[in-house]
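So this one's final-v5.cif, mmCIF, C-alpha atoms, pLDDT in the B column; chains and numbers go by the auth columns:
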```cif
data_structure
loop_
_atom_site.group_PDB
_atom_site.id
_atom_site.type_symbol
_atom_site.label_atom_id
_atom_site.label_comp_id
_atom_site.label_asym_id
_atom_site.label_seq_id
_atom_site.Cartn_x
_atom_site.Cartn_y
_atom_site.Cartn_z
_atom_site.B_iso_or_equiv
_atom_site.auth_seq_id
_atom_site.auth_asym_id
ATOM 1 C CA MET A 1 -0.669 19.390 13.767 55.00 1 A
ATOM 2 C CA HIS A 2 -1.256 17.643 10.453 67.00 2 A
ATOM 3 C CA GLN A 3 2.362 18.129 9.339 73.00 3 A
ATOM 4 C CA GLU A 4 3.547 15.227 11.518 70.00 4 A
ATOM 5 C CA LEU A 5 0.822 13.063 10.015 68.00 5 A
ATOM 6 C CA LEU A 6 1.775 13.998 6.455 70.00 6 A
ATOM 7 C CA GLU A 7 5.422 13.227 7.148 73.00 7 A
ATOM 8 C CA LYS A 8 4.499 9.846 8.610 69.00 8 A
ATOM 9 C CA LEU A 9 2.275 8.997 5.630 66.00 9 A
ATOM 10 C CA LYS A 10 5.103 9.872 3.218 64.00 10 A
ATOM 11 C CA LYS A 11 7.407 7.499 5.062 62.00 11 A
ATOM 12 C CA ILE A 12 5.199 4.429 4.803 57.00 12 A
ATOM 13 C CA THR A 13 7.655 1.839 3.573 46.00 13 A
ATOM 14 C CA PRO A 14 7.479 -1.887 2.946 42.00 14 A
ATOM 15 C CA GLU A 15 9.663 -2.567 5.944 49.00 15 A
ATOM 16 C CA GLU A 16 7.485 -0.438 8.179 56.00 16 A
ATOM 17 C CA HIS A 17 3.832 -0.877 7.258 55.00 17 A
ATOM 18 C CA TYR A 18 3.165 -2.940 4.126 54.00 18 A
ATOM 19 C CA ARG A 19 2.219 -6.285 5.575 59.00 19 A
ATOM 20 C CA ASP A 20 0.260 -5.088 8.565 64.00 20 A
ATOM 21 C CA GLY A 21 -0.323 -1.491 7.510 70.00 21 A
ATOM 22 C CA GLU A 22 -3.228 -0.882 9.798 76.00 22 A
ATOM 23 C CA LEU A 23 -4.474 2.579 10.546 80.00 23 A
ATOM 24 C CA LYS A 24 -5.000 1.473 14.137 84.00 24 A
ATOM 25 C CA SER A 25 -1.256 1.050 14.734 80.00 25 A
ATOM 26 C CA LEU A 26 -0.504 4.408 13.099 76.00 26 A
ATOM 27 C CA ALA A 27 -3.181 6.088 15.232 81.00 27 A
ATOM 28 C CA ALA A 28 -1.642 4.634 18.383 83.00 28 A
ATOM 29 C CA GLU A 29 1.841 5.698 17.308 79.00 29 A
ATOM 30 C CA LEU A 30 0.691 9.272 16.658 79.00 30 A
ATOM 31 C CA HIS A 31 -1.668 9.368 19.658 84.00 31 A
ATOM 32 C CA TYR A 32 -4.761 10.006 17.539 84.00 32 A
ATOM 33 C CA ASP A 33 -8.230 8.563 17.843 90.00 33 A
ATOM 34 C CA LEU A 34 -8.687 6.019 15.036 88.00 34 A
ATOM 35 C CA TYR A 35 -11.790 7.636 13.543 90.00 35 A
ATOM 36 C CA GLN A 36 -10.364 11.138 13.856 88.00 36 A
ATOM 37 C CA LEU A 37 -7.175 10.043 12.092 85.00 37 A
ATOM 38 C CA SER A 38 -9.180 8.369 9.355 87.00 38 A
ATOM 39 C CA ARG A 39 -11.068 11.601 8.657 89.00 39 A
ATOM 40 C CA ILE A 40 -7.867 13.669 8.762 86.00 40 A
ATOM 41 C CA VAL A 41 -6.099 11.371 6.293 83.00 41 A
ATOM 42 C CA LYS A 42 -9.024 11.618 3.880 88.00 42 A
ATOM 43 C CA ASN A 43 -9.278 15.404 4.238 85.00 43 A
ATOM 44 C CA VAL A 44 -5.556 16.037 3.896 82.00 44 A
ATOM 45 C CA THR A 45 -4.729 13.578 1.101 82.00 45 A
ATOM 46 C CA GLY A 46 -8.031 13.147 -0.708 89.00 46 A
ATOM 47 C CA SER A 47 -7.674 9.381 -0.309 87.00 47 A
ATOM 48 C CA THR A 48 -8.458 6.927 2.415 88.00 48 A
ATOM 49 C CA TYR A 49 -5.632 5.283 4.328 85.00 49 A
ATOM 50 C CA THR A 50 -6.503 1.991 2.651 86.00 50 A
ATOM 51 C CA GLU A 51 -6.238 3.588 -0.788 89.00 51 A
ATOM 52 C CA LEU A 52 -2.868 5.130 0.087 84.00 52 A
ATOM 53 C CA LEU A 53 -1.561 1.839 1.418 86.00 53 A
ATOM 54 C CA GLN A 54 -2.831 -0.051 -1.626 91.00 54 A
ATOM 55 C CA GLU A 55 -1.085 2.424 -3.919 90.00 55 A
ATOM 56 C CA LYS A 56 2.211 1.954 -2.061 87.00 56 A
ATOM 57 C CA ARG A 57 1.842 -1.832 -2.153 91.00 57 A
ATOM 58 C CA LEU A 58 1.151 -1.882 -5.888 95.00 58 A
ATOM 59 C CA GLN A 59 4.095 0.429 -6.601 93.00 59 A
ATOM 60 C CA LYS A 60 6.371 -1.867 -4.620 92.00 60 A
ATOM 61 C CA ALA A 61 4.970 -4.936 -6.401 95.00 61 A
ATOM 62 C CA ALA A 62 5.602 -3.340 -9.808 96.00 62 A
ATOM 63 C CA PHE A 63 9.158 -2.513 -8.769 95.00 63 A
ATOM 64 C CA LEU A 64 9.786 -6.068 -7.555 96.00 64 A
ATOM 65 C CA LEU A 65 8.348 -7.543 -10.742 96.00 65 A
ATOM 66 C CA THR A 66 10.848 -5.670 -12.883 95.00 66 A
ATOM 67 C CA SER A 67 13.861 -5.799 -10.589 95.00 67 A
ATOM 68 C CA THR A 68 13.829 -9.283 -9.053 95.00 68 A
ATOM 69 C CA GLY A 69 13.271 -12.867 -10.021 94.00 69 A
ATOM 70 C CA LEU A 70 10.787 -13.456 -7.210 96.00 70 A
ATOM 71 C CA SER A 71 7.646 -15.303 -8.175 97.00 71 A
ATOM 72 C CA VAL A 72 4.447 -13.311 -8.472 96.00 72 A
ATOM 73 C CA THR A 73 3.092 -15.250 -5.493 96.00 73 A
ATOM 74 C CA ASP A 74 6.120 -14.320 -3.373 96.00 74 A
ATOM 75 C CA ILE A 75 5.793 -10.670 -4.381 96.00 75 A
ATOM 76 C CA CYS A 76 2.086 -10.715 -3.580 94.00 76 A
ATOM 77 C CA VAL A 77 2.802 -11.965 -0.057 92.00 77 A
ATOM 78 C CA ASP A 78 5.855 -9.732 0.341 91.00 78 A
ATOM 79 C CA VAL A 79 3.857 -6.551 -0.229 91.00 79 A
ATOM 80 C CA GLY A 80 1.098 -7.626 2.127 88.00 80 A
ATOM 81 C CA TYR A 81 -1.574 -9.472 0.165 91.00 81 A
ATOM 82 C CA ASN A 82 -2.726 -12.951 1.119 90.00 82 A
ATOM 83 C CA ASN A 83 -5.607 -13.044 -1.358 94.00 83 A
ATOM 84 C CA PHE A 84 -3.941 -13.673 -4.716 95.00 84 A
ATOM 85 C CA SER A 85 -7.049 -13.166 -6.842 96.00 85 A
ATOM 86 C CA PHE A 86 -7.640 -9.774 -5.205 96.00 86 A
ATOM 87 C CA PHE A 87 -4.007 -8.808 -5.839 97.00 87 A
ATOM 88 C CA TYR A 88 -4.229 -9.832 -9.514 97.00 88 A
ATOM 89 C CA ARG A 89 -7.501 -7.937 -9.944 97.00 89 A
ATOM 90 C CA ILE A 90 -6.325 -4.659 -8.420 97.00 90 A
ATOM 91 C CA PHE A 91 -2.935 -4.902 -10.141 97.00 91 A
ATOM 92 C CA LYS A 92 -4.649 -5.302 -13.515 97.00 92 A
ATOM 93 C CA GLU A 93 -7.043 -2.429 -12.724 97.00 93 A
ATOM 94 C CA LYS A 94 -4.110 -0.131 -11.996 96.00 94 A
ATOM 95 C CA TYR A 95 -1.631 -1.178 -14.700 96.00 95 A
ATOM 96 C CA GLY A 96 -3.917 -2.639 -17.385 95.00 96 A
ATOM 97 C CA VAL A 97 -2.025 -5.941 -17.469 96.00 97 A
ATOM 98 C CA THR A 98 -1.517 -8.922 -15.192 96.00 98 A
ATOM 99 C CA PRO A 99 1.561 -9.013 -12.963 96.00 99 A
ATOM 100 C CA ARG A 100 3.150 -11.586 -15.278 95.00 100 A
ATOM 101 C CA GLU A 101 2.498 -9.438 -18.361 95.00 101 A
ATOM 102 C CA TYR A 102 3.907 -6.438 -16.511 96.00 102 A
ATOM 103 C CA ARG A 103 7.081 -8.391 -15.771 94.00 103 A
ATOM 104 C CA LEU A 104 7.387 -9.374 -19.428 92.00 104 A
ATOM 105 C CA GLY A 105 7.024 -5.754 -20.497 88.00 105 A
ATOM 106 C CA VAL A 106 3.683 -6.163 -22.235 70.00 106 A
ATOM 107 C CA CYS A 107 2.417 -2.840 -20.887 59.00 107 A
#
```
Turn this file's structure into structure tokens for me.
Amino acid sequence: MHQELLEKLKKITPEEHYRDGELKSLAAELHYDLYQLSRIVKNVTGSTYTELLQEKRLQKAAFLLTSTGLSVTDICVDVGYNNFSFFYRIFKEKYGVTPREYRLGVC
């Protein structure tokens, strides 16, 4: 029962769910009740869906910072954040440096 869910969570990709990665759409796709799915995700992974999605987004942002010449603003939008100050804050919390410093290899 939860195996299908775990497989789907592992396959969350930028192309698939980064920008609009809502649990509601995943629940509909898997034919789960939204609140039931939320509890299952937390129980199975130890993290909320939002935390899992944020982790994936930040990993993708870090990859793009080191492998492309895209601006930090473009990367922020590309991985699904429209609030730039929030993106900078959570990026710095995770990596200990700003996105620009990360790109420059300060970390």
Near-Leu104 of chain A list (10 Å; all atoms listed in the file; drop same-chain fewer than 6 positions) as a ChimeraX atom specification
/A:65-66,98
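The nearest approach to Leu70 of chain A among the residues A:Lys42, A:Lys92, A:His31, A:Arg103, with only C-alpha atoms taken into account, belongs to A:Arg103.
Here the residues that fall within 10 Å of (5.5, -3.0, -8.8), using only C-alpha atoms, are given as Glu55, Lys56, Arg57, Leu58, Gln59, Lys60, Ala61, Ala62, Phe63, Leu64, Leu65, Thr66, Ser67, Ile75, Cys76, Val79, Phe91, Tyr95, Pro99, Tyr102 and Arg103 of chain A.
With atom CA of Leu37 of chain A on one side and atom CA of Leu23 of chain A on the other, the separation reads 8.1 Å.
When all atoms listed in the file are used to compute distances to Thr45 of chain A, the closest of the residues A:Glu93, A:Glu101, A:Asp74, A:Glu7 turns out to be A:Glu7.
The two atoms in question, atom CA of Arg89 of chain A and atom CA of Arg39 of chain A, are spaced 27.2 Å apart.
For the residues A:Ser71, A:Leu6, A:Arg100, A:Tyr88, ranking by smallest atom-to-atom distance to Asn43 of chain A using all atoms listed in the file places A:Leu6 first.
Using only C-alpha atoms, the protein and nucleic acid residues lying at most 10 Å from the point (-5.9, -1.1, 1.2) are Tyr18, Gly21, Glu22, Thr48, Tyr49, Thr50, Glu51, Leu52, Leu53, Gln54, Glu55, Lys56, Arg57, Gly80 and Tyr81 of chain A.
Atom to atom, atom CA of Thr68 of chain A and atom CA of Asn83 of chain A stand 21.2 Å apart.
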Please supply segment 58-91 of chain A, rebuilt with N, CA and C atoms, as a compact mmCIF listing (two decimals), in the coordinates of the input.
```
# COMPACT_ATOMS: atom_id res chain seq x y z
N LEU A 58 1.10 -1.60 -4.46
CA LEU A 58 1.15 -1.88 -5.89
C LEU A 58 2.41 -1.31 -6.53
N GLN A 59 2.84 -0.14 -6.09
CA GLN A 59 4.10 0.43 -6.60
C GLN A 59 5.27 -0.48 -6.27
N LYS A 60 5.29 -0.97 -5.04
CA LYS A 60 6.37 -1.87 -4.62
C LYS A 60 6.31 -3.17 -5.41
N ALA A 61 5.12 -3.71 -5.62
CA ALA A 61 4.97 -4.94 -6.40
C ALA A 61 5.48 -4.74 -7.83
N ALA A 62 5.14 -3.63 -8.45
CA ALA A 62 5.60 -3.34 -9.81
C ALA A 62 7.12 -3.25 -9.85
N PHE A 63 7.69 -2.61 -8.85
CA PHE A 63 9.16 -2.51 -8.77
C PHE A 63 9.79 -3.90 -8.65
N LEU A 64 9.24 -4.72 -7.76
CA LEU A 64 9.79 -6.07 -7.56
C LEU A 64 9.64 -6.94 -8.79
N LEU A 65 8.56 -6.76 -9.53
CA LEU A 65 8.35 -7.54 -10.74
C LEU A 65 9.42 -7.26 -11.79
N THR A 66 9.87 -6.03 -11.86
CA THR A 66 10.85 -5.67 -12.88
C THR A 66 12.29 -5.74 -12.40
N SER A 67 12.49 -5.85 -11.09
CA SER A 67 13.86 -5.80 -10.59
C SER A 67 14.32 -7.06 -9.86
N THR A 68 13.45 -8.05 -9.74
CA THR A 68 13.83 -9.28 -9.05
C THR A 68 13.31 -10.48 -9.83
N GLY A 69 13.76 -11.63 -9.43
CA GLY A 69 13.27 -12.87 -10.02
C GLY A 69 12.26 -13.56 -9.13
N LEU A 70 11.78 -12.87 -8.11
CA LEU A 70 10.79 -13.46 -7.21
C LEU A 70 9.54 -13.84 -7.98
N SER A 71 8.90 -14.90 -7.53
CA SER A 71 7.65 -15.30 -8.18
C SER A 71 6.57 -14.27 -7.87
N VAL A 72 5.56 -14.23 -8.69
CA VAL A 72 4.45 -13.31 -8.47
C VAL A 72 3.79 -13.60 -7.12
N THR A 73 3.68 -14.87 -6.78
CA THR A 73 3.09 -15.25 -5.49
C THR A 73 3.92 -14.70 -4.34
N ASP A 74 5.25 -14.84 -4.43
CA ASP A 74 6.12 -14.32 -3.37
C ASP A 74 6.01 -12.80 -3.26
N ILE A 75 5.93 -12.13 -4.39
CA ILE A 75 5.79 -10.67 -4.38
C ILE A 75 4.46 -10.27 -3.76
N CYS A 76 3.42 -10.97 -4.13
CA CYS A 76 2.09 -10.72 -3.58
C CYS A 76 2.12 -10.76 -2.05
N VAL A 77 2.70 -11.81 -1.51
CA VAL A 77 2.80 -11.96 -0.06
C VAL A 77 3.75 -10.92 0.52
N ASP A 78 4.85 -10.67 -0.15
CA ASP A 78 5.86 -9.73 0.34
C ASP A 78 5.30 -8.32 0.53
N VAL A 79 4.41 -7.90 -0.35
CA VAL A 79 3.86 -6.55 -0.23
C VAL A 79 2.59 -6.49 0.62
N GLY A 80 2.17 -7.65 1.14
CA GLY A 80 1.10 -7.63 2.13
C GLY A 80 -0.24 -8.18 1.72
N TYR A 81 -0.31 -8.90 0.60
CA TYR A 81 -1.57 -9.47 0.16
C TYR A 81 -1.55 -10.98 0.35
N ASN A 82 -2.59 -11.51 0.97
CA ASN A 82 -2.73 -12.95 1.12
C ASN A 82 -3.77 -13.51 0.17
N ASN A 83 -4.57 -12.64 -0.41
CA ASN A 83 -5.61 -13.04 -1.36
C ASN A 83 -5.06 -12.77 -2.77
N PHE A 84 -4.59 -13.83 -3.42
CA PHE A 84 -3.94 -13.67 -4.72
C PHE A 84 -4.87 -13.16 -5.80
N SER A 85 -6.12 -13.63 -5.81
CA SER A 85 -7.05 -13.17 -6.84
C SER A 85 -7.35 -11.68 -6.68
N PHE A 86 -7.44 -11.21 -5.44
CA PHE A 86 -7.64 -9.77 -5.20
C PHE A 86 -6.43 -8.99 -5.70
N PHE A 87 -5.23 -9.48 -5.38
CA PHE A 87 -4.01 -8.81 -5.84
C PHE A 87 -3.97 -8.72 -7.36
N TYR A 88 -4.24 -9.83 -8.05
CA TYR A 88 -4.23 -9.83 -9.51
C TYR A 88 -5.25 -8.84 -10.05
N ARG A 89 -6.44 -8.82 -9.46
CA ARG A 89 -7.50 -7.94 -9.94
C ARG A 89 -7.12 -6.47 -9.79
N ILE A 90 -6.64 -6.08 -8.61
CA ILE A 90 -6.32 -4.66 -8.42
C ILE A 90 -5.06 -4.26 -9.18
N PHE A 91 -4.13 -5.19 -9.34
CA PHE A 91 -2.94 -4.90 -10.14
C PHE A 91 -3.34 -4.63 -11.59
```
